[in-house]
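Before any comments, here is the structure.
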Amino acid sequence: MTITAKPMGPIPPEFAGGGALTIAGQGFEHWIEAAGSTPAYVHDMTVVSARIARLRAALPAQVDIHYAMKANPLPALLARIAPLVNGLDVASAGELAKALAAKDPRHISFAGPGKRDIELEAAIRARATLNLESEGEATRAIAIGDRLGERPRLAVRVNPDFELKGSGMKMGGRPSPFGVDVERVPALVARIVSSGAEWRGFHLFAGSQSLDTMAIIETQAATIDLAARLAQDAGVEPPLVNLGGGFGIPYFAGDEPVDVEAIGASLGEALVRRSGVLSGSGFAVELGRWLIGEAGIYLARVVDRKESGGEVFLVVDGGLNHHLAATGNFGTVVRRNYPVAVAGRIGAAVEEVVSVVGPLCTPLDRLADRVALPRAEVGDVIAVFASGAYGASASPAAFLGHPPVMEVVAG
């Protein structure tokens, strides 16, 4: 029986050379030894640094870069990223604690619905900015500030009346738990200012994981126009307009990377054209996946090679418990293959079609479905690329009680 191979995404160019996989100038087995065992994530900091530098060069000088910690909150990685960016965005008290160890609290913002009072208090005490998701959250934050004798730093997360076209996860243009509807924002801003809180501006996020460069350009221009309209209606200038992010990375066959240079050039033009009501405002983009996603690699070792019904299965020592996204169970509608390779034989001739599966007792635990690879034996290592974002922290690590995944920062 002939098994037809299914396509997979492109290996990031930094790792696509022939032969054994190298990461930050060292062979992959070196980093497995540094981690202690497989399964392991290895995050190449040289790739992250180059990404940030490229973005910095592409963006207008007045636009800051914020790192969205939800993409990967690994403390060792965060410690390296924090000095290279202007701000950190967190989404829980746990992330806030990690951010405070790496960054001045004046450059930390806290977004996300359902913040508990204890979380609001932690942010107010630390002097981090709260991106308010509702009028009720504003009421609680102002009351907590009064009780503590602290002046809370408050911004409003806006639920924009448009969405980011082509995004994998749409965050605007519809009823949403995220942010305040546009028509209610001016009244809330006036209330924040009259309360004596420190007004910090707008946070607007229309979507994520878009590979449509023109859609990102159009959304950023629309976001600036919306911020100007809201500032005009509220009668107060926003100190900061966080434009969100949404820059995607190529995960699957046919994906093409976004053109950040074109995005930066168009953003510069939009800022030149902006309304005078935003003349004194600062601006920022908030990215996670685009900065770190392609810098991370998940490494798992083959523990069994078996045939069933004419198909070959490579059973590796980690799976959806560590890398839910690669198995297609983290927000994707149709399961498609991440880029994978036999780590010791990058670029070698294809010899067979195999499925790479993990050790969990569920058919969902499939890291690669019928992909064409060089032959792999027990003891070989499979590399899953584009794994730096939404990896270990976004996966059900406790499921079935397997050991936690190791993570190391290379470079």
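Just so we're on the same page: first chain in the structure tokens is A, next is B, and so on; residues restart at 1 for each chain, and ligands are numbered from 1 in the order they show up.
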
DSSP-assigned alpha helix (DSSP H) members of range 22-225 of chain A, reported as a PyMOL selection string: chain A and resi 28-35+45-58+75-81+93-100+117-126+135-148+185-195+213-225

Shell of 7 Å around Val303 in chain A, only C-alpha atoms, local chain residues under 4 positions omitted, as a list in words: Val315, Val316, Asp317, Val378 and Gly379 of chain A

Please produce a file of the residues just selected, as a tab-separated table (two decimals), in the first residue's frame, where the atoms kept are N, CA, C and O atoms.
```
chain	number	residue	atom	x	y	z
A	315	VAL	N	7.29	6.56	17.59
A	315	VAL	CA	6.76	6.92	18.90
A	315	VAL	C	7.86	7.64	19.66
A	315	VAL	O	8.94	7.06	19.92
A	316	VAL	N	7.63	8.88	20.03
A	316	VAL	CA	8.65	9.68	20.71
A	316	VAL	C	8.25	9.91	22.17
A	316	VAL	O	7.13	9.61	22.58
A	317	ASP	N	9.20	10.45	22.94
A	317	ASP	CA	8.99	10.52	24.39
A	317	ASP	C	8.26	11.78	24.87
A	317	ASP	O	8.18	12.04	26.07
A	378	VAL	N	15.07	3.94	16.52
A	378	VAL	CA	15.01	4.18	17.97
A	378	VAL	C	16.30	4.88	18.42
A	378	VAL	O	17.41	4.47	18.03
A	379	GLY	N	16.16	5.93	19.19
A	379	GLY	CA	17.31	6.71	19.66
A	379	GLY	C	17.53	7.98	18.87
A	379	GLY	O	18.19	8.91	19.37
```

Nearest-residue call for Ala141 in chain A, choices A:Glu119, A:Asp259, A:Asp161, A:Asp369, using only C-alpha atoms: A:Glu119

Between A:His323, A:His43, A:His66, A:Arg125, which is the closest to Val241 in chain A once you count only C-alpha atoms?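 Using only C-alpha atoms, the shortest distance to Val241 in chain A belongs to A:His66.
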
Residue neighbourhood range 333-337 of chain A, 8 Å, only C-alpha atoms, exclusion window fewer than 4 positions, as a short mmCIF file (atom, residue, chain, number, x, y, z; two decimals) with N, CA, C and O atoms, in the first residue's frame:
```
data_model
loop_
_atom_site.label_atom_id
_atom_site.label_comp_id
_atom_site.auth_asym_id
_atom_site.auth_seq_id
_atom_site.Cartn_x
_atom_site.Cartn_y
_atom_site.Cartn_z
N LYS A 6 1.72 13.95 3.51
CA LYS A 6 1.04 15.23 3.67
C LYS A 6 2.07 16.34 3.80
O LYS A 6 3.17 16.13 4.32
N PRO A 7 1.74 17.54 3.33
CA PRO A 7 2.72 18.63 3.40
C PRO A 7 2.97 19.08 4.82
O PRO A 7 2.15 18.84 5.72
N MET A 8 4.10 19.72 5.02
CA MET A 8 4.40 20.33 6.31
C MET A 8 4.98 21.72 6.08
O MET A 8 5.37 22.07 4.96
N GLY A 9 5.03 22.49 7.15
CA GLY A 9 5.49 23.87 7.04
C GLY A 9 6.98 23.96 6.78
O GLY A 9 7.72 22.98 6.86
N TYR A 251 3.74 28.52 9.81
CA TYR A 251 3.68 27.21 10.45
C TYR A 251 3.47 26.08 9.45
O TYR A 251 3.95 24.97 9.65
N PHE A 252 2.71 26.37 8.39
CA PHE A 252 2.19 25.30 7.55
C PHE A 252 2.61 25.49 6.09
O PHE A 252 3.04 26.57 5.69
N ALA A 253 2.46 24.42 5.32
CA ALA A 253 2.80 24.46 3.90
C ALA A 253 2.06 25.60 3.21
O ALA A 253 0.86 25.80 3.41
N ALA A 326 1.40 21.89 18.27
CA ALA A 326 1.90 21.10 17.14
C ALA A 326 1.00 19.93 16.82
O ALA A 326 1.00 19.43 15.69
N THR A 327 0.22 19.47 17.80
CA THR A 327 -0.70 18.36 17.55
C THR A 327 -2.01 18.84 16.92
O THR A 327 -2.88 18.01 16.63
N GLY A 328 -2.15 20.14 16.74
CA GLY A 328 -3.36 20.68 16.12
C GLY A 328 -4.51 20.89 17.06
O GLY A 328 -5.65 21.10 16.61
N ASN A 329 -4.24 20.87 18.36
CA ASN A 329 -5.32 20.97 19.35
C ASN A 329 -5.30 22.29 20.13
O ASN A 329 -5.82 22.37 21.24
N LEU A 367 2.26 14.42 16.63
CA LEU A 367 3.07 15.61 16.33
C LEU A 367 3.24 15.83 14.83
O LEU A 367 3.48 16.96 14.40
N ALA A 368 3.18 14.78 14.04
CA ALA A 368 3.27 14.91 12.59
C ALA A 368 2.48 13.77 11.96
O ALA A 368 2.61 12.62 12.38
N ASP A 369 1.68 14.11 10.97
CA ASP A 369 0.77 13.14 10.37
C ASP A 369 1.21 12.84 8.95
O ASP A 369 1.09 13.68 8.05
#
```

A:Ser195, A:Ser92, A:Thr4, A:Thr46 ranked by distance to Gly296 in chain A, top pick (using only C-alpha atoms):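 Closest to Gly296 in chain A of all the choices is A:Thr46.
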
Residues within 7 Å of range 147-158 of chain A, please, as a list in words. Count only C-alpha atoms; anything in the same chain fewer than 6 positions from it doesn't count. Ile124, Arg127, Ala128, Thr129, Leu130, Asn131, Leu132, Glu133, Gly179, Val180, Asp181, Val182, Ala197, Glu198, Trp199, Arg200, Gly201, Phe202, His203 and Leu204 of chain A

Those residues with all heavy atoms, as a compact mmCIF listing (two decimals), in the first residue's frame please?
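Now in part.txt:
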```
# COMPACT_ATOMS: atom_id res chain seq x y z
N ILE A 124 -1.55 47.50 41.08
CA ILE A 124 -1.58 48.88 41.60
C ILE A 124 -0.43 49.11 42.55
O ILE A 124 0.24 50.15 42.49
CB ILE A 124 -2.95 49.15 42.26
CG1 ILE A 124 -4.05 49.19 41.18
CG2 ILE A 124 -2.92 50.46 43.04
CD1 ILE A 124 -5.46 49.18 41.74
N ARG A 127 2.75 49.51 40.61
CA ARG A 127 2.75 50.67 39.71
C ARG A 127 2.81 50.24 38.25
O ARG A 127 3.27 50.99 37.38
CB ARG A 127 3.90 51.64 40.01
CG ARG A 127 3.92 52.17 41.44
CD ARG A 127 2.71 53.05 41.73
NE ARG A 127 2.70 54.27 40.91
CZ ARG A 127 1.58 54.88 40.52
NH1 ARG A 127 0.39 54.39 40.82
NH2 ARG A 127 1.66 56.00 39.79
N ALA A 128 2.31 49.04 37.96
CA ALA A 128 2.14 48.61 36.58
C ALA A 128 0.85 49.21 36.03
O ALA A 128 -0.05 49.59 36.78
CB ALA A 128 2.09 47.09 36.50
N THR A 129 0.75 49.28 34.71
CA THR A 129 -0.46 49.81 34.07
C THR A 129 -1.48 48.69 33.92
O THR A 129 -1.17 47.60 33.45
CB THR A 129 -0.13 50.38 32.68
OG1 THR A 129 0.70 51.53 32.84
CG2 THR A 129 -1.39 50.78 31.94
N LEU A 130 -2.72 48.99 34.31
CA LEU A 130 -3.83 48.07 34.11
C LEU A 130 -4.56 48.44 32.83
O LEU A 130 -5.04 49.57 32.68
CB LEU A 130 -4.80 48.13 35.29
CG LEU A 130 -4.36 47.44 36.58
CD1 LEU A 130 -5.22 47.89 37.75
CD2 LEU A 130 -4.44 45.92 36.41
N ASN A 131 -4.65 47.51 31.90
CA ASN A 131 -5.48 47.69 30.71
C ASN A 131 -6.87 47.18 31.05
O ASN A 131 -7.12 45.98 31.10
CB ASN A 131 -4.89 46.92 29.53
CG ASN A 131 -3.59 47.50 29.05
OD1 ASN A 131 -3.40 48.71 29.05
ND2 ASN A 131 -2.67 46.64 28.64
N LEU A 132 -7.78 48.11 31.30
CA LEU A 132 -9.11 47.76 31.80
C LEU A 132 -9.95 47.14 30.69
O LEU A 132 -10.02 47.64 29.57
CB LEU A 132 -9.80 49.01 32.35
CG LEU A 132 -9.08 49.72 33.50
CD1 LEU A 132 -9.76 51.04 33.83
CD2 LEU A 132 -9.04 48.81 34.73
N GLU A 133 -10.65 46.06 31.05
CA GLU A 133 -11.45 45.32 30.09
C GLU A 133 -12.94 45.64 30.20
O GLU A 133 -13.73 45.20 29.36
CB GLU A 133 -11.25 43.81 30.29
CG GLU A 133 -9.80 43.35 30.27
CD GLU A 133 -9.26 43.10 28.87
OE1 GLU A 133 -10.05 43.17 27.91
OE2 GLU A 133 -8.05 42.85 28.74
N GLY A 179 -11.95 43.83 26.17
CA GLY A 179 -12.03 45.25 25.88
C GLY A 179 -13.43 45.84 26.01
O GLY A 179 -14.43 45.14 26.17
N VAL A 180 -13.46 47.17 25.90
CA VAL A 180 -14.69 47.95 26.04
C VAL A 180 -15.16 48.36 24.65
O VAL A 180 -14.36 48.83 23.83
CB VAL A 180 -14.43 49.19 26.92
CG1 VAL A 180 -15.68 50.04 27.05
CG2 VAL A 180 -13.90 48.77 28.30
N ASP A 181 -16.44 48.19 24.38
CA ASP A 181 -16.99 48.56 23.08
C ASP A 181 -16.72 50.04 22.80
O ASP A 181 -16.78 50.89 23.71
CB ASP A 181 -18.48 48.28 23.02
CG ASP A 181 -18.81 46.79 23.05
OD1 ASP A 181 -17.88 45.97 22.93
OD2 ASP A 181 -20.00 46.46 23.21
N VAL A 182 -16.44 50.34 21.53
CA VAL A 182 -16.00 51.67 21.12
C VAL A 182 -16.90 52.77 21.63
O VAL A 182 -16.42 53.79 22.16
CB VAL A 182 -15.89 51.72 19.57
CG1 VAL A 182 -15.75 53.16 19.08
CG2 VAL A 182 -14.72 50.88 19.09
N ALA A 197 -7.20 58.92 38.97
CA ALA A 197 -6.25 57.89 38.54
C ALA A 197 -5.34 58.47 37.46
O ALA A 197 -5.65 59.48 36.82
CB ALA A 197 -7.00 56.67 38.02
N GLU A 198 -4.20 57.81 37.26
CA GLU A 198 -3.28 58.24 36.22
C GLU A 198 -3.72 57.64 34.89
O GLU A 198 -3.69 56.43 34.70
CB GLU A 198 -1.85 57.79 36.56
CG GLU A 198 -0.83 58.27 35.55
CD GLU A 198 0.60 57.86 35.88
OE1 GLU A 198 0.84 57.42 37.03
OE2 GLU A 198 1.46 57.97 34.99
N TRP A 199 -4.11 58.48 33.96
CA TRP A 199 -4.60 58.04 32.66
C TRP A 199 -3.41 57.64 31.79
O TRP A 199 -2.49 58.42 31.57
CB TRP A 199 -5.39 59.17 32.02
CG TRP A 199 -5.70 59.04 30.56
CD1 TRP A 199 -5.42 59.95 29.59
CD2 TRP A 199 -6.37 57.97 29.91
NE1 TRP A 199 -5.87 59.52 28.37
CE2 TRP A 199 -6.45 58.29 28.52
CE3 TRP A 199 -6.90 56.74 30.34
CZ2 TRP A 199 -7.05 57.45 27.59
CZ3 TRP A 199 -7.49 55.90 29.41
CH2 TRP A 199 -7.56 56.25 28.06
N ARG A 200 -3.46 56.38 31.26
CA ARG A 200 -2.30 55.86 30.53
C ARG A 200 -2.55 55.59 29.05
O ARG A 200 -1.63 55.29 28.32
CB ARG A 200 -1.82 54.55 31.20
CG ARG A 200 -1.25 54.74 32.60
CD ARG A 200 -0.07 55.69 32.60
NE ARG A 200 0.95 55.29 31.65
CZ ARG A 200 1.75 56.11 31.01
NH1 ARG A 200 1.63 57.42 31.16
NH2 ARG A 200 2.66 55.65 30.17
N GLY A 201 -3.83 55.65 28.59
CA GLY A 201 -4.04 55.54 27.16
C GLY A 201 -4.87 54.36 26.72
O GLY A 201 -5.68 53.81 27.49
N PHE A 202 -4.69 53.95 25.47
CA PHE A 202 -5.50 52.91 24.84
C PHE A 202 -4.66 51.68 24.48
O PHE A 202 -3.51 51.79 24.08
CB PHE A 202 -6.15 53.42 23.55
CG PHE A 202 -7.09 54.56 23.74
CD1 PHE A 202 -6.91 55.75 23.05
CD2 PHE A 202 -8.17 54.47 24.61
CE1 PHE A 202 -7.78 56.81 23.21
CE2 PHE A 202 -9.04 55.53 24.79
CZ PHE A 202 -8.84 56.70 24.08
N HIS A 203 -5.31 50.54 24.62
CA HIS A 203 -4.75 49.27 24.16
C HIS A 203 -5.74 48.70 23.16
O HIS A 203 -6.90 48.44 23.51
CB HIS A 203 -4.57 48.32 25.36
CG HIS A 203 -4.02 46.97 25.00
ND1 HIS A 203 -4.42 45.82 25.61
CD2 HIS A 203 -3.09 46.60 24.09
CE1 HIS A 203 -3.77 44.79 25.10
NE2 HIS A 203 -2.96 45.24 24.17
N LEU A 204 -5.33 48.55 21.92
CA LEU A 204 -6.21 48.06 20.87
C LEU A 204 -5.59 46.83 20.22
O LEU A 204 -4.42 46.86 19.83
CB LEU A 204 -6.45 49.14 19.80
CG LEU A 204 -7.09 50.43 20.30
CD1 LEU A 204 -6.04 51.52 20.45
CD2 LEU A 204 -8.20 50.88 19.35
```

Which residue, A:Leu373, A:Ala383, A:Val189, A:Ala126, has the smallest gap to Val312 in chain A when you use only C-alpha atoms?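 Among the listed residues, A:Leu373 lies closest to Val312 in chain A.
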
By how many Å are CA of Ala341 in chain A and CA of Leu74 in chain A apart?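 Between these atoms lies a distance of 24.7 Å.
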
Residue nearest Glu261 in chain A among A:Thr213, A:Ala138, A:Gly293, A:Ile118 (counting only C-alpha atoms): A:Thr213

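Restricting the calculation to only C-alpha atoms, the smallest distance between Arg56 in chain A and any of A:Ala99, A:Ile249, A:Ile263, A:Val371 is found for A:Ile263.
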